[in-house]
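The structure file start-v4.txt is reproduced below (compact mmCIF, C-alpha atoms).
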# COMPACT_ATOMS: atom_id res chain seq x y z
CA MET A 21 44.89 26.41 11.80
CA PRO A 22 43.73 23.20 10.03
CA ALA A 23 44.68 19.87 11.60
CA ASN A 24 47.11 18.95 8.79
CA ARG A 25 49.03 22.21 9.18
CA ARG A 26 49.18 21.81 12.97
CA ARG A 27 50.45 18.24 12.56
CA ASN A 28 53.09 19.31 10.05
CA LYS A 29 54.20 22.13 12.37
CA ALA A 30 54.59 19.65 15.25
CA PHE A 31 56.77 17.43 13.05
CA ARG A 32 58.86 20.43 11.93
CA VAL A 33 59.43 21.47 15.55
CA SER A 34 60.36 17.89 16.47
CA GLU A 35 62.74 17.68 13.51
CA HIS A 36 64.59 20.93 14.25
CA ASN A 37 64.07 21.65 17.97
CA PRO A 38 62.68 18.62 19.90
CA GLY A 39 63.15 20.40 23.24
CA ALA A 40 60.47 22.93 22.26
CA LEU A 41 57.72 20.30 21.89
CA TYR A 42 54.67 20.38 24.12
CA SER A 43 54.58 17.46 26.56
CA LYS A 44 51.73 15.78 24.64
CA ASN A 45 53.97 15.68 21.52
CA LYS A 46 57.23 14.50 23.18
CA SER A 47 56.85 11.01 21.67
CA LEU A 48 57.47 12.50 18.21
CA ALA A 49 61.11 12.95 19.15
CA LYS A 50 61.47 9.13 19.15
CA LEU A 51 60.81 8.93 15.39
CA SER A 52 63.77 8.75 13.02
CA TYR A 53 65.00 11.98 11.43
CA SER A 54 63.98 10.81 7.95
CA THR A 55 60.44 10.02 9.12
CA LEU A 56 60.15 13.40 10.84
CA HIS A 57 61.41 15.09 7.69
CA ASP A 58 58.88 13.23 5.51
CA PHE A 59 56.00 14.27 7.79
CA ALA A 60 57.21 17.86 8.06
CA ALA A 61 57.59 18.17 4.28
CA THR A 62 54.20 16.65 3.42
CA LYS A 63 52.08 19.15 1.55
CA THR A 64 48.60 19.72 2.92
CA SER A 65 47.19 20.44 -0.51
CA ALA A 66 45.50 17.63 -2.41
CA CYS A 67 46.93 18.96 -5.69
CA GLN A 68 49.72 16.87 -7.17
CA SER A 69 51.54 17.29 -10.45
CA GLY A 70 50.47 14.86 -13.16
CA LEU A 71 53.96 13.40 -13.48
CA ASP A 72 54.29 12.64 -9.76
CA ARG A 73 50.81 11.09 -9.63
CA SER A 74 51.42 8.81 -12.64
CA ARG A 75 54.77 7.63 -11.25
CA ARG A 76 53.18 6.83 -7.91
CA LEU A 77 50.24 4.88 -9.37
CA ALA A 78 52.61 2.40 -10.99
CA SER A 79 53.40 0.78 -7.64
CA VAL A 80 50.24 1.42 -5.61
CA ALA A 81 49.01 -1.35 -3.33
CA ARG A 82 45.76 -1.64 -1.40
CA PHE A 83 45.86 -1.83 2.37
CA ARG A 84 43.13 -2.04 4.97
CA ALA A 85 43.29 -0.23 8.30
CA PHE A 86 40.76 -1.25 10.94
CA PHE A 87 40.04 -1.07 14.65
CA ASN A 88 40.74 -4.24 16.63
CA ASN A 89 39.30 -4.50 20.12
CA PHE A 90 39.80 -2.56 23.35
CA ASN A 91 41.07 -5.81 24.92
CA GLU A 92 44.09 -5.65 22.59
CA THR A 93 45.35 -2.36 24.03
CA PRO A 94 47.82 -0.82 23.18
CA PHE A 95 47.56 -2.39 19.69
CA LEU A 96 44.08 -1.09 18.91
CA TRP A 97 44.58 -1.00 15.13
CA SER A 98 45.53 -3.43 12.40
CA VAL A 99 46.81 -2.93 8.88
CA ASP A 100 46.78 -5.67 6.25
CA GLN A 101 46.95 -6.17 2.50
CA GLY A 102 43.33 -7.18 2.02
CA ASP A 103 43.12 -10.37 4.08
CA ILE A 104 43.73 -11.24 7.70
CA SER A 105 46.75 -13.46 6.89
CA THR A 106 48.89 -10.33 6.32
CA GLU A 107 47.67 -8.51 9.46
CA ILE A 108 50.08 -6.28 11.39
CA LYS A 109 48.85 -4.94 14.73
CA VAL A 110 49.84 -1.34 15.47
CA ARG A 111 49.22 1.39 18.01
CA ASP A 112 48.16 3.95 15.38
CA TRP A 113 48.28 4.64 11.65
CA ILE A 114 49.02 7.74 9.60
CA LEU A 115 48.30 8.56 5.95
CA ILE A 116 50.74 10.72 4.00
CA GLY A 117 49.55 11.62 0.52
CA ALA A 118 47.54 8.41 0.22
CA THR A 119 43.97 7.99 -1.02
CA ALA A 120 41.52 6.33 1.35
CA ARG A 121 37.85 5.40 1.46
CA THR A 122 35.65 3.61 3.93
CA ARG A 123 34.30 0.11 3.31
CA VAL A 124 31.65 -1.96 5.09
CA ASN A 125 30.76 -5.67 5.03
CA LEU A 126 27.99 -6.34 7.54
CA GLN A 127 28.14 -10.10 6.86
CA ALA A 128 31.72 -10.32 8.19
CA ASP A 129 32.19 -11.92 11.61
CA ASN A 130 34.54 -9.15 12.87
CA VAL A 131 36.98 -11.89 13.97
CA ASN A 132 38.37 -13.25 10.69
CA ASP A 133 37.43 -10.13 8.74
CA PRO A 134 36.43 -6.65 9.90
CA LYS A 135 32.90 -5.34 9.38
CA ALA A 136 34.20 -1.83 8.62
CA TRP A 137 37.62 -0.59 7.56
CA VAL A 138 39.45 2.14 5.69
CA GLU A 139 40.82 1.00 2.34
CA VAL A 140 44.04 2.86 1.52
CA GLU A 141 45.79 3.10 -1.84
CA ALA A 142 49.44 3.62 -0.96
CA SER A 143 52.80 2.91 -2.51
CA GLU A 144 54.55 2.23 0.80
CA LEU A 145 53.79 0.84 4.24
CA GLU A 146 56.37 1.50 6.94
CA ILE A 147 56.12 0.56 10.61
CA VAL A 148 57.93 3.03 12.90
CA ASN A 149 57.67 2.69 16.68
CA GLU A 150 54.57 0.50 16.29
CA ILE A 151 52.86 3.12 14.10
CA ALA A 152 51.87 2.25 10.52
CA ILE A 153 52.79 4.95 8.04
CA LEU A 154 51.03 4.62 4.68
CA ARG A 155 52.51 6.85 1.96
CA GLY A 156 50.82 7.63 -1.34

This entry written out as structure tokens:
Amino acid sequence: MPANRRRNKAFRVSEHNPGALYSKNKSLAKLSYSTLHDFAATKTSACQSGLDRSRRLASVARFRAFFNNFNETPFLWSVDQGDISTEIKVRDWILIGATARTRVNLQADNVNDPKAWVEVEASELEIVNEIAILRG
């Protein structure tokens, strides 16, 4: 089973029967019902209807997700809106229906700006239990 389908199944189980979760997935039960429902309902197919895509593009923003430093555990990741002044440190990040691509700037100092990051086009950024959720 592909990773996306396994992930969606874990969210469906957590949404409807949290007691049946494997121990490694027990933390999913801490997420809000609406967040669990959104994850469980996310389609794994990249196909979107033209109407939905055009509506979403009207309010798309660009975010960066990048690795911090092992010394900053448990907040190993950061998400920002293109510059370090909007940085939010998180434990993890998840993409739901968002477009992403990798970027590199080898001249960056990796303190004020990352040398490598994932640039995400998303219409929403939500922080739930110290996890960044970027929705397309």

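With CA of Lys29 (chain A) on one side and CA of Thr122 (chain A) on the other, the separation reads 27.5 Å.
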
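In this structure, CA of Glu144 (chain A) sits 14.3 Å away from CA of Ile108 (chain A).
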
Neighbouring residues of Leu115 (chain A) were defined as those with any atom within 12 Å, considering all atoms listed in the file; residues of the same chain fewer than 3 positions away were excluded. Please report them as a PDB file with C-alpha atoms, in the coordinates of the input.
ATOM      1  CA  ASN A  24      47.110  18.950   8.790  1.00  0.00           C
ATOM      2  CA  ARG A  27      50.450  18.240  12.560  1.00  0.00           C
ATOM      3  CA  ASP A  58      58.880  13.230   5.510  1.00  0.00           C
ATOM      4  CA  PHE A  59      56.000  14.270   7.790  1.00  0.00           C
ATOM      5  CA  THR A  62      54.200  16.650   3.420  1.00  0.00           C
ATOM      6  CA  THR A  64      48.600  19.720   2.920  1.00  0.00           C
ATOM      7  CA  PHE A  83      45.860  -1.830   2.370  1.00  0.00           C
ATOM      8  CA  ARG A  84      43.130  -2.040   4.970  1.00  0.00           C
ATOM      9  CA  ALA A  85      43.290  -0.230   8.300  1.00  0.00           C
ATOM     10  CA  VAL A  99      46.810  -2.930   8.880  1.00  0.00           C
ATOM     11  CA  ASP A 112      48.160   3.950  15.380  1.00  0.00           C
ATOM     12  CA  ALA A 118      47.540   8.410   0.220  1.00  0.00           C
ATOM     13  CA  THR A 119      43.970   7.990  -1.020  1.00  0.00           C
ATOM     14  CA  ALA A 120      41.520   6.330   1.350  1.00  0.00           C
ATOM     15  CA  ARG A 121      37.850   5.400   1.460  1.00  0.00           C
ATOM     16  CA  VAL A 138      39.450   2.140   5.690  1.00  0.00           C
ATOM     17  CA  GLU A 139      40.820   1.000   2.340  1.00  0.00           C
ATOM     18  CA  VAL A 140      44.040   2.860   1.520  1.00  0.00           C
ATOM     19  CA  GLU A 141      45.790   3.100  -1.840  1.00  0.00           C
ATOM     20  CA  ALA A 142      49.440   3.620  -0.960  1.00  0.00           C
ATOM     21  CA  SER A 143      52.800   2.910  -2.510  1.00  0.00           C
ATOM     22  CA  GLU A 144      54.550   2.230   0.800  1.00  0.00           C
ATOM     23  CA  LEU A 145      53.790   0.840   4.240  1.00  0.00           C
ATOM     24  CA  GLU A 146      56.370   1.500   6.940  1.00  0.00           C
ATOM     25  CA  ILE A 151      52.860   3.120  14.100  1.00  0.00           C
ATOM     26  CA  ALA A 152      51.870   2.250  10.520  1.00  0.00           C
ATOM     27  CA  ILE A 153      52.790   4.950   8.040  1.00  0.00           C
ATOM     28  CA  LEU A 154      51.030   4.620   4.680  1.00  0.00           C
ATOM     29  CA  ARG A 155      52.510   6.850   1.960  1.00  0.00           C
ATOM     30  CA  GLY A 156      50.820   7.630  -1.340  1.00  0.00           C
TER      31      GLY A 156
END

* Structure fact -> Between CA of Asn149 (chain A) and CA of Leu41 (chain A) lies a distance of 18.4 Å

* Structure fact -> Restricting to all atoms listed in the file, whichever of A:Arg82, A:Phe87, A:Ala30, A:Thr93 is closest to Trp113 (chain A) is A:Phe87
